[in-house]
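Below: protein_26.cif (mmCIF, C-alpha atoms and all ligand atoms)
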data_structure
#
loop_
_atom_site.label_atom_id
_atom_site.label_comp_id
_atom_site.auth_asym_id
_atom_site.auth_seq_id
_atom_site.Cartn_x
_atom_site.Cartn_y
_atom_site.Cartn_z
CA MET A 74 5.56 11.69 7.44
CA ASN A 75 6.97 8.40 6.05
CA GLU A 76 6.72 9.44 2.41
CA ARG A 77 9.25 7.11 0.77
CA ILE A 78 7.76 3.64 0.72
CA LEU A 79 9.36 0.59 -0.89
CA ILE A 80 6.98 -2.15 -2.08
CA SER A 81 8.36 -5.59 -2.93
CA GLY A 82 6.31 -7.39 -5.63
CA ALA A 83 4.52 -6.05 -8.73
CA SER A 84 1.40 -8.18 -8.76
CA VAL A 85 -2.16 -7.62 -7.55
CA ALA A 86 -1.32 -6.49 -4.00
CA GLY A 87 1.86 -4.54 -4.79
CA LEU A 88 0.44 -2.59 -7.74
CA THR A 89 -2.77 -1.76 -5.87
CA VAL A 90 -1.01 -0.46 -2.77
CA ALA A 91 1.38 1.54 -5.02
CA HIS A 92 -1.58 3.09 -6.86
CA TRP A 93 -3.28 4.28 -3.68
CA LEU A 94 -0.09 5.45 -1.98
CA ALA A 95 0.83 7.57 -5.02
CA ARG A 96 -2.70 8.95 -5.12
CA TYR A 97 -2.49 9.98 -1.47
CA GLY A 98 0.81 11.82 -2.07
CA PHE A 99 3.34 9.21 -0.88
CA ARG A 100 6.37 8.33 -3.04
CA PRO A 101 6.23 4.58 -3.71
CA THR A 102 8.98 2.51 -5.34
CA VAL A 103 8.07 -0.99 -6.54
CA VAL A 104 10.79 -3.65 -6.75
CA GLU A 105 9.97 -6.81 -8.74
CA ARG A 106 12.21 -9.84 -9.03
CA ALA A 107 11.00 -10.78 -12.52
CA PRO A 108 12.25 -8.78 -15.52
CA ARG A 109 8.65 -7.73 -16.35
CA LEU A 110 5.13 -8.18 -14.99
CA ARG A 111 4.41 -11.90 -14.71
CA PRO A 112 1.53 -12.66 -17.08
CA GLY A 113 0.71 -16.26 -15.99
CA GLY A 114 -2.29 -17.75 -14.26
CA ASN A 115 -5.90 -18.64 -14.93
CA GLY A 116 -9.07 -16.72 -14.21
CA VAL A 117 -9.31 -14.91 -10.84
CA ASP A 118 -12.43 -13.42 -9.27
CA VAL A 119 -13.02 -9.73 -8.57
CA ARG A 120 -16.04 -9.62 -6.30
CA ASP A 121 -17.78 -7.73 -3.47
CA HIS A 122 -15.51 -5.04 -1.95
CA ALA A 123 -12.86 -5.71 -4.60
CA VAL A 124 -15.32 -4.43 -7.23
CA GLU A 125 -15.67 -1.24 -5.21
CA VAL A 126 -11.88 -0.83 -4.97
CA ALA A 127 -11.51 -1.36 -8.72
CA GLU A 128 -14.31 1.13 -9.35
CA ARG A 129 -12.57 3.74 -7.17
CA MET A 130 -9.37 3.08 -9.15
CA GLY A 131 -11.28 3.67 -12.39
CA ILE A 132 -10.46 0.24 -13.84
CA MET A 133 -13.73 -1.61 -13.31
CA PRO A 134 -15.03 -0.87 -16.84
CA SER A 135 -11.79 -2.30 -18.30
CA ILE A 136 -12.03 -5.32 -15.98
CA ARG A 137 -15.59 -5.96 -17.18
CA ALA A 138 -14.49 -5.51 -20.80
CA SER A 139 -11.72 -8.11 -20.35
CA ALA A 140 -13.82 -10.51 -18.29
CA THR A 141 -13.82 -14.16 -19.23
CA ASP A 142 -17.08 -15.71 -20.33
CA VAL A 143 -16.64 -19.09 -18.67
CA ARG A 144 -19.99 -20.74 -17.91
CA GLY A 145 -18.93 -23.47 -15.56
CA MET A 146 -16.91 -26.60 -14.98
CA LYS A 147 -17.42 -30.06 -16.38
CA PHE A 148 -15.92 -33.36 -15.37
CA VAL A 149 -14.94 -35.78 -18.13
CA ASP A 150 -13.86 -39.42 -18.36
CA ALA A 151 -10.80 -40.77 -20.17
CA ALA A 152 -12.74 -40.80 -23.46
CA ASP A 153 -13.56 -37.08 -23.00
CA ARG A 154 -17.24 -37.83 -22.35
CA THR A 155 -18.85 -35.35 -19.96
CA VAL A 156 -19.96 -37.08 -16.74
CA ALA A 157 -21.17 -33.99 -14.84
CA ARG A 158 -21.40 -30.20 -15.23
CA LEU A 159 -21.62 -27.36 -12.70
CA ASP A 160 -22.85 -23.90 -13.61
CA MET A 161 -20.48 -21.15 -12.39
CA ALA A 162 -22.15 -18.13 -13.96
CA ALA A 163 -22.52 -15.40 -11.35
CA ALA A 164 -23.93 -11.92 -11.27
CA THR A 165 -21.92 -10.49 -8.37
CA GLU A 166 -18.41 -11.24 -9.55
CA VAL A 167 -16.27 -10.70 -12.58
CA GLU A 168 -13.74 -13.31 -13.57
CA ILE A 169 -10.67 -12.03 -15.38
CA MET A 170 -7.43 -13.70 -16.41
CA ARG A 171 -4.84 -12.92 -13.74
CA GLY A 172 -2.40 -11.60 -16.37
CA ASP A 173 -5.04 -9.19 -17.74
CA LEU A 174 -5.80 -7.90 -14.22
CA VAL A 175 -2.14 -7.27 -13.45
CA ALA A 176 -1.68 -5.41 -16.77
CA LEU A 177 -4.70 -3.17 -16.00
CA LEU A 178 -3.41 -2.46 -12.49
CA ARG A 179 0.00 -1.53 -13.86
CA HIS A 180 -1.59 0.80 -16.41
CA ALA A 181 -3.49 2.54 -13.61
CA THR A 182 -0.40 2.78 -11.44
CA ASP A 183 2.20 4.40 -13.66
CA ALA A 184 1.92 7.99 -12.44
CA GLY A 185 4.11 8.82 -9.45
CA VAL A 186 5.51 5.30 -9.02
CA GLU A 187 9.15 4.27 -9.54
CA TYR A 188 9.71 0.69 -10.76
CA LEU A 189 12.81 -1.49 -10.33
CA PHE A 190 12.39 -4.70 -12.35
CA HIS A 191 14.76 -7.66 -12.23
CA GLU A 192 15.72 -6.66 -8.72
CA SER A 193 15.20 -7.96 -5.19
CA ILE A 194 15.91 -6.89 -1.62
CA ARG A 195 18.96 -8.56 -0.09
CA SER A 196 18.75 -7.07 3.41
CA LEU A 197 16.66 -4.72 5.55
CA VAL A 198 17.90 -2.82 8.59
CA GLN A 199 15.34 -0.83 10.58
CA ASP A 200 16.07 2.05 12.90
CA ASP A 201 14.06 4.93 14.38
CA ASP A 202 14.29 6.96 11.16
CA GLY A 203 13.56 4.35 8.54
CA VAL A 204 14.77 1.23 6.82
CA THR A 205 18.11 0.82 5.04
CA VAL A 206 17.56 -1.52 2.14
CA THR A 207 20.33 -3.26 0.25
CA PHE A 208 19.31 -4.53 -3.19
CA GLU A 209 20.78 -7.50 -5.03
CA HIS A 210 22.17 -5.25 -7.79
CA ALA A 211 21.40 -1.56 -7.12
CA GLY A 212 23.33 -0.94 -3.89
CA SER A 213 21.68 0.52 -0.76
CA ARG A 214 18.90 3.06 -0.31
CA HIS A 215 17.00 4.49 2.61
CA PHE A 216 13.19 4.27 2.80
CA ASP A 217 10.74 5.30 5.49
CA LEU A 218 8.64 2.13 5.27
CA VAL A 219 8.80 -1.22 3.46
CA ILE A 220 5.77 -3.23 2.29
CA GLY A 221 6.11 -6.89 1.37
CA ALA A 222 3.66 -7.76 -1.43
CA ASP A 223 5.86 -10.53 -2.77
CA GLY A 224 3.57 -13.51 -2.56
CA MET A 225 3.37 -16.75 -0.62
CA HIS A 226 7.17 -17.16 -0.42
CA SER A 227 7.64 -13.49 0.52
CA ASN A 228 11.22 -12.30 0.64
CA VAL A 229 10.33 -9.36 2.91
CA ARG A 230 8.57 -11.72 5.34
CA GLU A 231 11.66 -13.93 5.49
CA LEU A 232 13.95 -10.92 6.11
CA ALA A 233 11.76 -9.12 8.67
CA PHE A 234 9.73 -11.88 10.37
CA GLY A 235 11.82 -15.05 9.96
CA PRO A 236 11.67 -18.36 8.08
CA GLU A 237 8.50 -19.16 6.15
CA SER A 238 8.18 -22.56 7.84
CA GLN A 239 6.67 -20.69 10.83
CA PHE A 240 3.83 -19.29 8.74
CA LEU A 241 3.05 -21.69 5.88
CA ARG A 242 0.45 -24.44 6.35
CA TYR A 243 0.67 -27.06 3.64
CA LYS A 244 -2.68 -28.37 2.38
CA ASP A 245 -1.56 -31.74 0.96
CA HIS A 246 -1.50 -30.76 -2.74
CA TYR A 247 0.63 -29.11 -5.41
CA PHE A 248 -0.72 -27.23 -8.40
CA ALA A 249 0.59 -25.87 -11.71
CA PHE A 250 -0.81 -23.39 -14.25
CA ALA A 251 0.52 -23.00 -17.80
CA ASP A 252 -0.46 -22.25 -21.38
CA ALA A 253 -2.35 -24.93 -23.29
CA ASP A 254 -3.24 -25.61 -26.90
CA ALA A 255 -6.56 -23.79 -27.33
CA THR A 256 -8.01 -26.56 -29.49
CA LEU A 257 -7.96 -28.94 -26.51
CA GLY A 258 -10.67 -27.30 -24.42
CA GLU A 259 -14.34 -26.61 -24.94
CA ASN A 260 -15.16 -22.93 -25.34
CA ARG A 261 -16.48 -21.32 -22.14
CA TRP A 262 -15.87 -24.37 -19.96
CA VAL A 263 -13.33 -25.50 -17.43
CA THR A 264 -12.85 -29.17 -18.27
CA MET A 265 -11.45 -31.48 -15.59
CA TYR A 266 -10.22 -35.04 -15.71
CA ASN A 267 -9.49 -36.96 -12.52
CA GLN A 268 -7.53 -39.95 -11.45
CA PRO A 269 -7.24 -40.80 -7.74
CA GLY A 270 -5.38 -37.91 -6.08
CA ARG A 271 -4.74 -36.11 -9.38
CA MET A 272 -6.52 -33.69 -11.65
CA ALA A 273 -5.62 -32.20 -15.02
CA GLY A 274 -7.78 -29.53 -16.55
CA ILE A 275 -8.22 -27.08 -19.41
CA TYR A 276 -9.48 -23.59 -18.82
CA ARG A 277 -11.02 -22.15 -21.98
CA SER A 278 -12.63 -18.74 -22.02
CA GLY A 279 -14.55 -18.23 -25.26
CA ASN A 280 -13.36 -14.64 -25.65
CA HIS A 281 -9.62 -15.34 -25.22
CA ALA A 282 -7.48 -16.91 -27.91
CA GLN A 283 -5.36 -18.79 -25.39
CA ALA A 284 -6.31 -21.75 -23.23
CA LYS A 285 -4.73 -22.62 -19.89
CA ALA A 286 -3.78 -25.98 -18.48
CA TYR A 287 -3.91 -26.75 -14.85
CA PHE A 288 -2.79 -29.64 -12.77
CA ILE A 289 -3.34 -30.52 -9.12
CA PHE A 290 -1.92 -33.56 -7.34
CA ARG A 291 -1.97 -34.87 -3.83
CA SER A 292 1.41 -35.43 -2.23
CA THR A 293 3.39 -35.46 0.97
CA PRO A 294 5.60 -32.32 1.14
CA LEU A 295 8.26 -32.30 -1.59
CA ARG A 296 11.73 -30.81 -1.29
CA TYR A 297 12.45 -28.40 -4.14
CA ASP A 298 13.56 -24.83 -4.77
CA TYR A 299 10.44 -22.66 -5.28
CA ARG A 300 12.54 -20.33 -7.50
CA ASP A 301 13.76 -23.11 -9.80
CA VAL A 302 11.16 -23.47 -12.57
CA GLU A 303 13.03 -26.29 -14.36
CA GLN A 304 13.04 -28.35 -11.17
CA GLN A 305 9.29 -27.72 -10.78
CA LYS A 306 8.63 -28.81 -14.37
CA HIS A 307 10.60 -31.96 -13.65
CA LEU A 308 8.41 -32.68 -10.60
CA LEU A 309 5.22 -32.24 -12.62
CA GLY A 310 6.66 -34.49 -15.34
CA GLN A 311 7.35 -37.18 -12.74
CA VAL A 312 3.72 -37.16 -11.61
CA PHE A 313 1.93 -36.89 -14.97
CA GLY A 314 4.59 -38.11 -17.46
CA GLY A 315 3.88 -41.47 -19.05
CA ASP A 316 0.13 -40.99 -18.54
CA THR A 317 -1.50 -41.13 -21.95
CA SER A 318 -5.12 -41.06 -20.79
CA TRP A 319 -7.46 -38.23 -21.82
CA ARG A 320 -5.45 -35.13 -22.98
CA ILE A 321 -2.72 -35.38 -20.38
CA LYS A 322 0.14 -35.98 -22.81
CA GLU A 323 -0.65 -32.84 -24.86
CA LEU A 324 -1.36 -30.70 -21.79
CA LEU A 325 1.88 -31.73 -20.12
CA ALA A 326 3.92 -31.07 -23.28
CA GLY A 327 2.44 -27.55 -23.52
CA ALA A 328 3.07 -26.83 -19.83
CA LEU A 329 6.67 -28.00 -19.93
CA ALA A 330 7.33 -25.70 -22.93
CA ASP A 331 5.73 -22.63 -21.30
CA PRO A 332 8.26 -20.02 -19.99
CA ASP A 333 5.55 -18.58 -17.69
CA PHE A 334 4.87 -21.97 -16.09
CA TYR A 335 3.68 -21.50 -12.48
CA PHE A 336 3.96 -24.21 -9.83
CA ASP A 337 3.53 -24.14 -6.09
CA ALA A 338 2.33 -25.96 -3.03
CA LEU A 339 -1.27 -25.50 -2.02
CA SER A 340 -0.51 -23.72 1.24
CA GLN A 341 -1.96 -21.02 3.40
CA VAL A 342 -0.13 -18.28 5.27
CA HIS A 343 -1.17 -17.64 8.87
CA MET A 344 0.54 -14.86 10.81
CA PRO A 345 -0.27 -13.38 14.22
CA SER A 346 0.77 -9.91 13.02
CA TRP A 347 1.19 -8.43 9.52
CA SER A 348 3.69 -5.80 10.60
CA THR A 349 6.86 -5.43 12.56
CA GLY A 350 8.19 -1.91 13.14
CA ARG A 351 8.37 -0.13 9.78
CA VAL A 352 7.66 -3.23 7.71
CA ALA A 353 4.19 -4.48 6.77
CA LEU A 354 2.91 -7.32 4.58
CA VAL A 355 -0.06 -7.39 2.22
CA GLY A 356 -1.65 -10.00 -0.09
CA ASP A 357 -0.48 -13.61 -0.23
CA ALA A 358 2.67 -12.64 1.70
CA ALA A 359 0.50 -11.93 4.75
CA TRP A 360 -2.50 -14.27 4.45
CA CYS A 361 -2.43 -16.47 1.33
CA ALA A 362 -5.72 -18.39 1.39
CA SER A 363 -4.51 -20.56 -1.57
CA PRO A 364 -5.94 -20.81 -5.10
CA ALA A 365 -8.41 -23.36 -3.72
CA SER A 366 -10.19 -20.47 -1.98
CA GLY A 367 -10.73 -18.49 -5.21
CA THR A 368 -10.27 -15.28 -3.21
CA GLY A 369 -6.59 -14.32 -3.64
CA ALA A 370 -7.21 -11.34 -5.92
CA GLU A 371 -10.18 -10.07 -3.92
CA LEU A 372 -8.28 -10.16 -0.61
CA ALA A 373 -5.22 -8.54 -2.20
CA LEU A 374 -7.18 -5.67 -3.80
CA VAL A 375 -9.16 -4.90 -0.64
CA GLY A 376 -6.22 -5.37 1.75
CA ALA A 377 -3.91 -3.15 -0.33
CA TYR A 378 -6.57 -0.44 -0.51
CA ARG A 379 -7.03 -0.59 3.28
CA LEU A 380 -3.28 -0.50 4.01
CA ALA A 381 -2.70 2.58 1.83
CA GLY A 382 -5.88 4.23 3.12
CA GLU A 383 -4.93 3.74 6.77
CA LEU A 384 -1.47 5.22 6.10
CA ALA A 385 -3.06 8.24 4.45
CA SER A 386 -5.65 8.84 7.16
CA ALA A 387 -3.01 8.45 9.89
CA GLY A 388 -0.86 11.08 8.14
CA GLY A 389 1.80 8.42 7.46
CA ASP A 390 2.06 7.31 11.10
CA HIS A 391 2.82 3.63 10.54
CA ARG A 392 2.21 2.59 14.17
CA VAL A 393 -1.39 3.78 14.01
CA ALA A 394 -1.96 2.75 10.39
CA PHE A 395 -0.57 -0.79 10.58
CA ALA A 396 -2.67 -1.57 13.67
CA ARG A 397 -5.87 -0.22 12.06
CA TYR A 398 -5.16 -2.04 8.79
CA GLN A 399 -4.86 -5.37 10.56
CA GLU A 400 -7.90 -4.68 12.72
CA GLY A 401 -9.99 -3.74 9.68
CA HIS A 402 -8.98 -6.56 7.34
CA ARG A 403 -8.48 -9.57 9.62
CA GLU A 404 -12.14 -10.61 9.78
CA LEU A 405 -12.44 -10.92 5.98
CA VAL A 406 -9.18 -12.88 5.77
CA ASN A 407 -10.23 -15.31 8.51
CA LYS A 408 -13.49 -15.94 6.71
CA LYS A 409 -11.90 -16.51 3.30
CA GLN A 410 -9.28 -18.87 4.69
CA GLN A 411 -12.07 -21.38 5.44
CA ILE A 412 -11.82 -23.13 2.09
CA GLY A 413 -14.08 -26.04 2.99
CA PRO A 414 -14.19 -29.13 0.78
CA ASN A 415 -13.17 -27.43 -2.51
CA VAL A 416 -9.96 -29.39 -3.05
CA ARG A 417 -11.44 -32.72 -1.99
CA LEU A 418 -14.21 -32.19 -4.55
CA MET A 419 -11.83 -31.19 -7.33
CA VAL A 420 -9.32 -33.92 -6.54
CA PRO A 421 -11.06 -36.94 -4.98
CA LYS A 422 -8.60 -39.34 -3.37
CA THR A 423 -10.18 -42.53 -4.72
CA HIS A 424 -12.24 -43.82 -7.67
CA GLY A 425 -15.15 -44.15 -5.21
CA GLY A 426 -14.80 -40.52 -4.14
CA ARG A 427 -14.82 -39.40 -7.74
CA TRP A 428 -17.92 -41.49 -8.46
CA ILE A 429 -19.75 -39.88 -5.53
CA ARG A 430 -18.61 -36.37 -6.57
CA ASP A 431 -19.81 -36.88 -10.15
CA GLY A 432 -23.11 -38.29 -8.92
CA LEU A 433 -23.65 -35.30 -6.63
CA ALA A 434 -22.75 -32.85 -9.40
CA ARG A 435 -25.42 -34.46 -11.60
CA LEU A 436 -28.18 -33.87 -9.06
CA PRO A 437 -30.35 -31.03 -10.43
CA ILE A 438 -30.94 -29.60 -6.94
CA LEU A 439 -27.19 -29.31 -6.27
CA ARG A 440 -26.56 -27.74 -9.66
CA ALA A 441 -29.28 -25.20 -9.01
CA MET A 442 -27.97 -24.49 -5.51
CA SER A 443 -24.42 -23.92 -6.70
CA ALA A 444 -25.64 -21.46 -9.32
CA VAL A 445 -27.82 -19.62 -6.80
CA GLU A 446 -25.08 -19.56 -4.15
CA ARG A 447 -22.71 -17.86 -6.56
CA ARG A 448 -25.31 -15.29 -7.53
CA LEU A 449 -25.87 -14.21 -3.94
CA PRO A 450 -23.63 -11.36 -2.79
CA SER A 451 -21.29 -12.55 -0.02
CA LYS A 452 -22.10 -11.02 3.33
CA ALA A 453 -19.47 -8.30 3.70
CA PRO A 454 -18.30 -8.09 7.31
CA ARG A 455 -18.12 -4.30 7.35
CA PRO A 456 -18.47 -1.48 4.81
CA LEU A 457 -15.42 -0.41 2.86
CA SER A 458 -14.07 2.81 4.35
CA ASP A 459 -13.64 6.02 2.43
CA TYR A 460 -10.24 7.22 3.57
CA VAL A 461 -9.59 10.90 3.98
CA PRO A 462 -5.89 11.80 3.99
CA ALA A 463 -4.85 13.68 7.17
CA ARG A 464 -3.34 17.09 6.50
C1 LIG B 501 2.58 -15.96 -12.22
C2 LIG B 501 1.46 -16.14 -11.25
C3 LIG B 501 0.31 -16.86 -11.63
C4 LIG B 501 -0.73 -17.03 -10.71
N1 LIG B 501 -1.85 -17.72 -11.12
C5 LIG B 501 -2.90 -17.83 -10.29
C6 LIG B 501 -4.10 -18.49 -10.70
O1 LIG B 501 -4.24 -18.94 -11.82
N2 LIG B 501 -5.11 -18.63 -9.80
C7 LIG B 501 -5.01 -18.14 -8.53
O2 LIG B 501 -5.94 -18.28 -7.74
N3 LIG B 501 -3.88 -17.48 -8.13
C8 LIG B 501 -2.84 -17.32 -8.97
N4 LIG B 501 -1.70 -16.67 -8.55
C9 LIG B 501 -1.68 -16.10 -7.19
C10 LIG B 501 -2.51 -14.82 -7.17
O3 LIG B 501 -1.93 -13.85 -8.02
C11 LIG B 501 -2.56 -14.31 -5.74
O4 LIG B 501 -3.16 -15.30 -4.90
C12 LIG B 501 -3.38 -13.06 -5.51
O5 LIG B 501 -3.67 -12.33 -6.66
C13 LIG B 501 -2.66 -12.14 -4.52
O6 LIG B 501 -1.58 -11.58 -5.19
P1 LIG B 501 -0.26 -11.03 -4.51
O7 LIG B 501 0.06 -9.77 -5.24
O8 LIG B 501 -0.38 -10.97 -3.03
O9 LIG B 501 0.83 -12.17 -4.79
P2 LIG B 501 1.36 -12.78 -6.16
O10 LIG B 501 0.37 -12.66 -7.24
O11 LIG B 501 1.91 -14.12 -5.83
O12 LIG B 501 2.58 -11.81 -6.56
C14 LIG B 501 3.80 -11.73 -5.88
C15 LIG B 501 4.77 -10.91 -6.74
O13 LIG B 501 5.99 -10.74 -6.00
C16 LIG B 501 7.07 -11.03 -6.87
N5 LIG B 501 8.23 -11.45 -6.05
C17 LIG B 501 8.44 -12.65 -5.48
N6 LIG B 501 9.62 -12.63 -4.84
C18 LIG B 501 10.13 -11.40 -4.99
C19 LIG B 501 11.33 -10.77 -4.54
N7 LIG B 501 12.27 -11.44 -3.85
N8 LIG B 501 11.54 -9.48 -4.88
C20 LIG B 501 10.62 -8.79 -5.63
N9 LIG B 501 9.48 -9.35 -6.10
C21 LIG B 501 9.24 -10.63 -5.77
C22 LIG B 501 6.55 -12.11 -7.79
O14 LIG B 501 7.33 -12.22 -8.98
C23 LIG B 501 5.15 -11.60 -8.06
O15 LIG B 501 5.11 -10.67 -9.11
C24 LIG B 501 -0.64 -16.48 -9.41
C25 LIG B 501 0.50 -15.75 -9.04
C26 LIG B 501 1.55 -15.57 -9.95
C27 LIG B 501 2.77 -14.76 -9.52
#

Write the structure described by the file as structure tokens, please.
Ligand SMILES: Cc1cc2nc3c(=O)[nH]c(=O)nc-3n(C[C@H](O)[C@H](O)[C@H](O)COP(=O)(O)OP(=O)(O)OC[C@H]3O[C@@H](n4cnc5c(N)ncnc54)[C@H](O)[C@@H]3O)c2cc1C
Amino acid sequence: MNERILISGASVAGLTVAHWLARYGFRPTVVERAPRLRPGGNGVDVRDHAVEVAERMGIMPSIRASATDVRGMKFVDAADRTVARLDMAAATEVEIMRGDLVALLRHATDAGVEYLFHESIRSLVQDDDGVTVTFEHAGSRHFDLVIGADGMHSNVRELAFGPESQFLRYKDHYFAFADADATLGENRWVTMYNQPGRMAGIYRSGNHAQAKAYFIFRSTPLRYDYRDVEQQKHLLGQVFGGDTSWRIKELLAGALADPDFYFDALSQVHMPSWSTGRVALVGDAAWCASPASGTGAELALVGAYRLAGELASAGGDHRVAFARYQEGHRELVNKKQQIGPNVRLMVPKTHGGRWIRDGLARLPILRAMSAVERRLPSKAPRPLSDYVPAR
């Protein structure tokens, strides 16, 4: 039942759901708007249940082998003097560059999966038998189910559930990730420089040749096209251009020259239901908790595993499976969407706020607590199911 499944988006959620669907005997097709896998991004965490999912996929040894070796974050002043450091080393999680994770997932997901790159869904029409999908270039095809794994600005969500303005909650900041000159950062440290309402940083894993730049700035909502990278570069240039303090000039020049430049609003997605009829959402499309939560990859891996598993154990019956998937995954999502003061600490609004943050970060007790907190396994709300496909 419901064998032919179209998945929109070839990133963490889309590749994981494709892997498990193929393994359970479904016939997944993945459509990705970009001409190839998108390699951008900084380190993302694979922790708790996500480790178990990756182990069951057979990729956990490769994830560990590609893990970054970042020790923590340090805050610097304009003269590049360290004013505070926080230890991030943790035993329960593995940090891996997002691009490396996506490449490993793709490698584990080749068998039994059809890929359509440089393609996007133009329209979806559901009826009792399935979904007629019209692509931008490849004409129309009929699928039994459609899964939107196409990120915060999900195309499938827009087509099946309505405008994104209903679901996105803006969190007062924009962020950008891009390549950086590796000589700018300190090996194994995330280095951050703040001005009121702005942060520029260098992410430098000692075992990766490349460094990454990142920028966060506080702003009222901006009007721009989230598909237009040149427009986004222009916006970043307007905020940080002309600033010659610390390493900002060099970091900005590198970011503006990077073809894989990534820019977006710091927003969350909140939806009452992750499915409508034969269409379901997974990953950031359904519940983006924002990069400030540090849980995007974990939620996507676990959610995609649950969605495919519920479809398999319900024998492909989407009505049963979609309801169980939402019931099983909602608690974890709700918990991870509580991002607390992370952004306010990374991007203090005022000089005074920054001074207090740096002072707190220097307190030995806080440094010890942050290290211990990250070593403790998070309390998992419920065990990860072992799905048995129905015959
Ligand atoms: C290039 C990039 C860099 C990122 N860097 C970071 C980072 O450094 N730190 C962090 O915390 N999070 C980052 N993220 C977000 C992070 O990947 C997600 O929060 C998390 O892994 C969940 O992934 P996802 O698969 O749900 O969504 P995403 O990773 O956002 O992937 C969505 C996929 O859908 C594709 N897509 C979009 N529109 C369409 C369409 N119309 N048709 C077909 N495909 C479409 C996109 O090209 C993308 O491949 C990044 C995402 C991307 C795409």

Report the closest atom pair, with its distance in Å rounded to one decimal, for each residue of chain A that has an atom no farther than 7 Å from ligand LIG 501 (chain B); count only C-alpha atoms and all ligand atoms, sort by chain and then rising residue number, and write it as CSV.
residue,atom,partner,partner_atom,distance
A:Ser81,CA,B:LIG501,C20,4.8
A:Gly82,CA,B:LIG501,O13,3.4
A:Ala83,CA,B:LIG501,O15,4.7
A:Ser84,CA,B:LIG501,O7,4.1
A:Val85,CA,B:LIG501,O7,3.9
A:Ala86,CA,B:LIG501,O7,3.8
A:Gly87,CA,B:LIG501,O7,5.5
A:Val104,CA,B:LIG501,C20,5.3
A:Glu105,CA,B:LIG501,N9,3.7
A:Arg106,CA,B:LIG501,C20,3.9
A:Ala107,CA,B:LIG501,O14,5.3
A:Leu110,CA,B:LIG501,O15,6.4
A:Arg111,CA,B:LIG501,C1,5.1
A:Pro112,CA,B:LIG501,C1,6.0
A:Gly113,CA,B:LIG501,C1,4.2
A:Gly114,CA,B:LIG501,N1,3.2
A:Asn115,CA,B:LIG501,O1,3.5
A:Gly116,CA,B:LIG501,O1,5.8
A:Val117,CA,B:LIG501,O2,5.7
A:Arg171,CA,B:LIG501,N1,6.2
A:Glu192,CA,B:LIG501,C20,6.3
A:Ser193,CA,B:LIG501,N8,4.0
A:Ile194,CA,B:LIG501,N8,6.0
A:Ala222,CA,B:LIG501,O8,5.4
A:Asp223,CA,B:LIG501,O13,3.2
A:Gly224,CA,B:LIG501,O11,3.7
A:Met225,CA,B:LIG501,O11,6.0
A:His226,CA,B:LIG501,N6,6.8
A:Ser227,CA,B:LIG501,N6,5.8
A:Asn228,CA,B:LIG501,N7,4.7
A:Phe250,CA,B:LIG501,O1,6.1
A:Asp333,CA,B:LIG501,C1,6.8
A:Tyr335,CA,B:LIG501,C1,5.7
A:Val355,CA,B:LIG501,O8,6.4
A:Gly356,CA,B:LIG501,O8,3.3
A:Asp357,CA,B:LIG501,O8,3.8
A:Ala358,CA,B:LIG501,O8,5.9
A:Cys361,CA,B:LIG501,O4,6.4
A:Ser363,CA,B:LIG501,O4,6.4
A:Pro364,CA,B:LIG501,O2,3.7
A:Ala365,CA,B:LIG501,O2,6.9
A:Gly367,CA,B:LIG501,O2,5.4
A:Thr368,CA,B:LIG501,O2,6.9
A:Gly369,CA,B:LIG501,O4,3.8
A:Ala370,CA,B:LIG501,O5,3.7
A:Ala373,CA,B:LIG501,C13,5.0

Checklist line | Nearby residues, (12.9, 5.7, 17.9) file frame, 12 Å, only C-alpha atoms, as a ChimeraX atom specification | finding: /A:199-203,350-351,392

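With distances restricted to only C-alpha atoms, A:Thr256 is the closest residue to Glu323 in chain A from A:Thr102, A:Thr423, A:Ser135, A:Thr256.
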
For Gly389 in chain A: contacts at 8 Å, only C-alpha atoms, fewer than 2 positions along chain excluded, given as a PDB file with C-alpha atoms, keeping the file's coordinate frame:
ATOM      1  CA  MET A  74       5.560  11.690   7.440  1.00  0.00           C
ATOM      2  CA  ASN A  75       6.970   8.400   6.050  1.00  0.00           C
ATOM      3  CA  GLU A  76       6.720   9.440   2.410  1.00  0.00           C
ATOM      4  CA  LEU A 384      -1.470   5.220   6.100  1.00  0.00           C
ATOM      5  CA  ALA A 385      -3.060   8.240   4.450  1.00  0.00           C
ATOM      6  CA  SER A 386      -5.650   8.840   7.160  1.00  0.00           C
ATOM      7  CA  ALA A 387      -3.010   8.450   9.890  1.00  0.00           C
ATOM      8  CA  HIS A 391       2.820   3.630  10.540  1.00  0.00           C
ATOM      9  CA  ALA A 394      -1.960   2.750  10.390  1.00  0.00           C
TER      10      ALA A 394
END

Checklist line | Close residues, Val420 in chain A itself excluded, 8 Å, all atoms listed in the file, min 6 positions apart in chain, as a PyMOL selection string | finding: chain A and resi 267-272+289-291+427

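Distance-wise, CA of Lys306 in chain A and CA of Leu324 in chain A end up 12.6 Å apart.
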
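In this structure, CA of Ala328 in chain A sits 23.1 Å away from CA of Ser366 in chain A.
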
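For Glu237 in chain A, the list of residues within 12 Å, based on all atoms listed in the file and with local chain neighbours fewer than 3 positions off taken out, reads Gly224, Met225, His226, Ser227, Asn228, Val229, Arg230, Glu231, Leu232, Ala233, Phe234, Phe240, Leu241, Arg242, Tyr243, Ser340, Gln341, Val342, His343, Met344, Ala358 and Ala359 of chain A.
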
Next item on the list: In Å, rounded to a single decimal, give me how far CA of Ala326 in chain A is from CA of Ala282 in chain A.
Entry: 18.8 Å

Next item on the list: Please identify all polymer residues within 8 Å of His402 in chain A, counting all atoms listed in the file, omitting same-chain residues fewer than 4 positions from it, and present them as an MDAnalysis selection string.
Entry: chainID A and resid 376 379 398 406
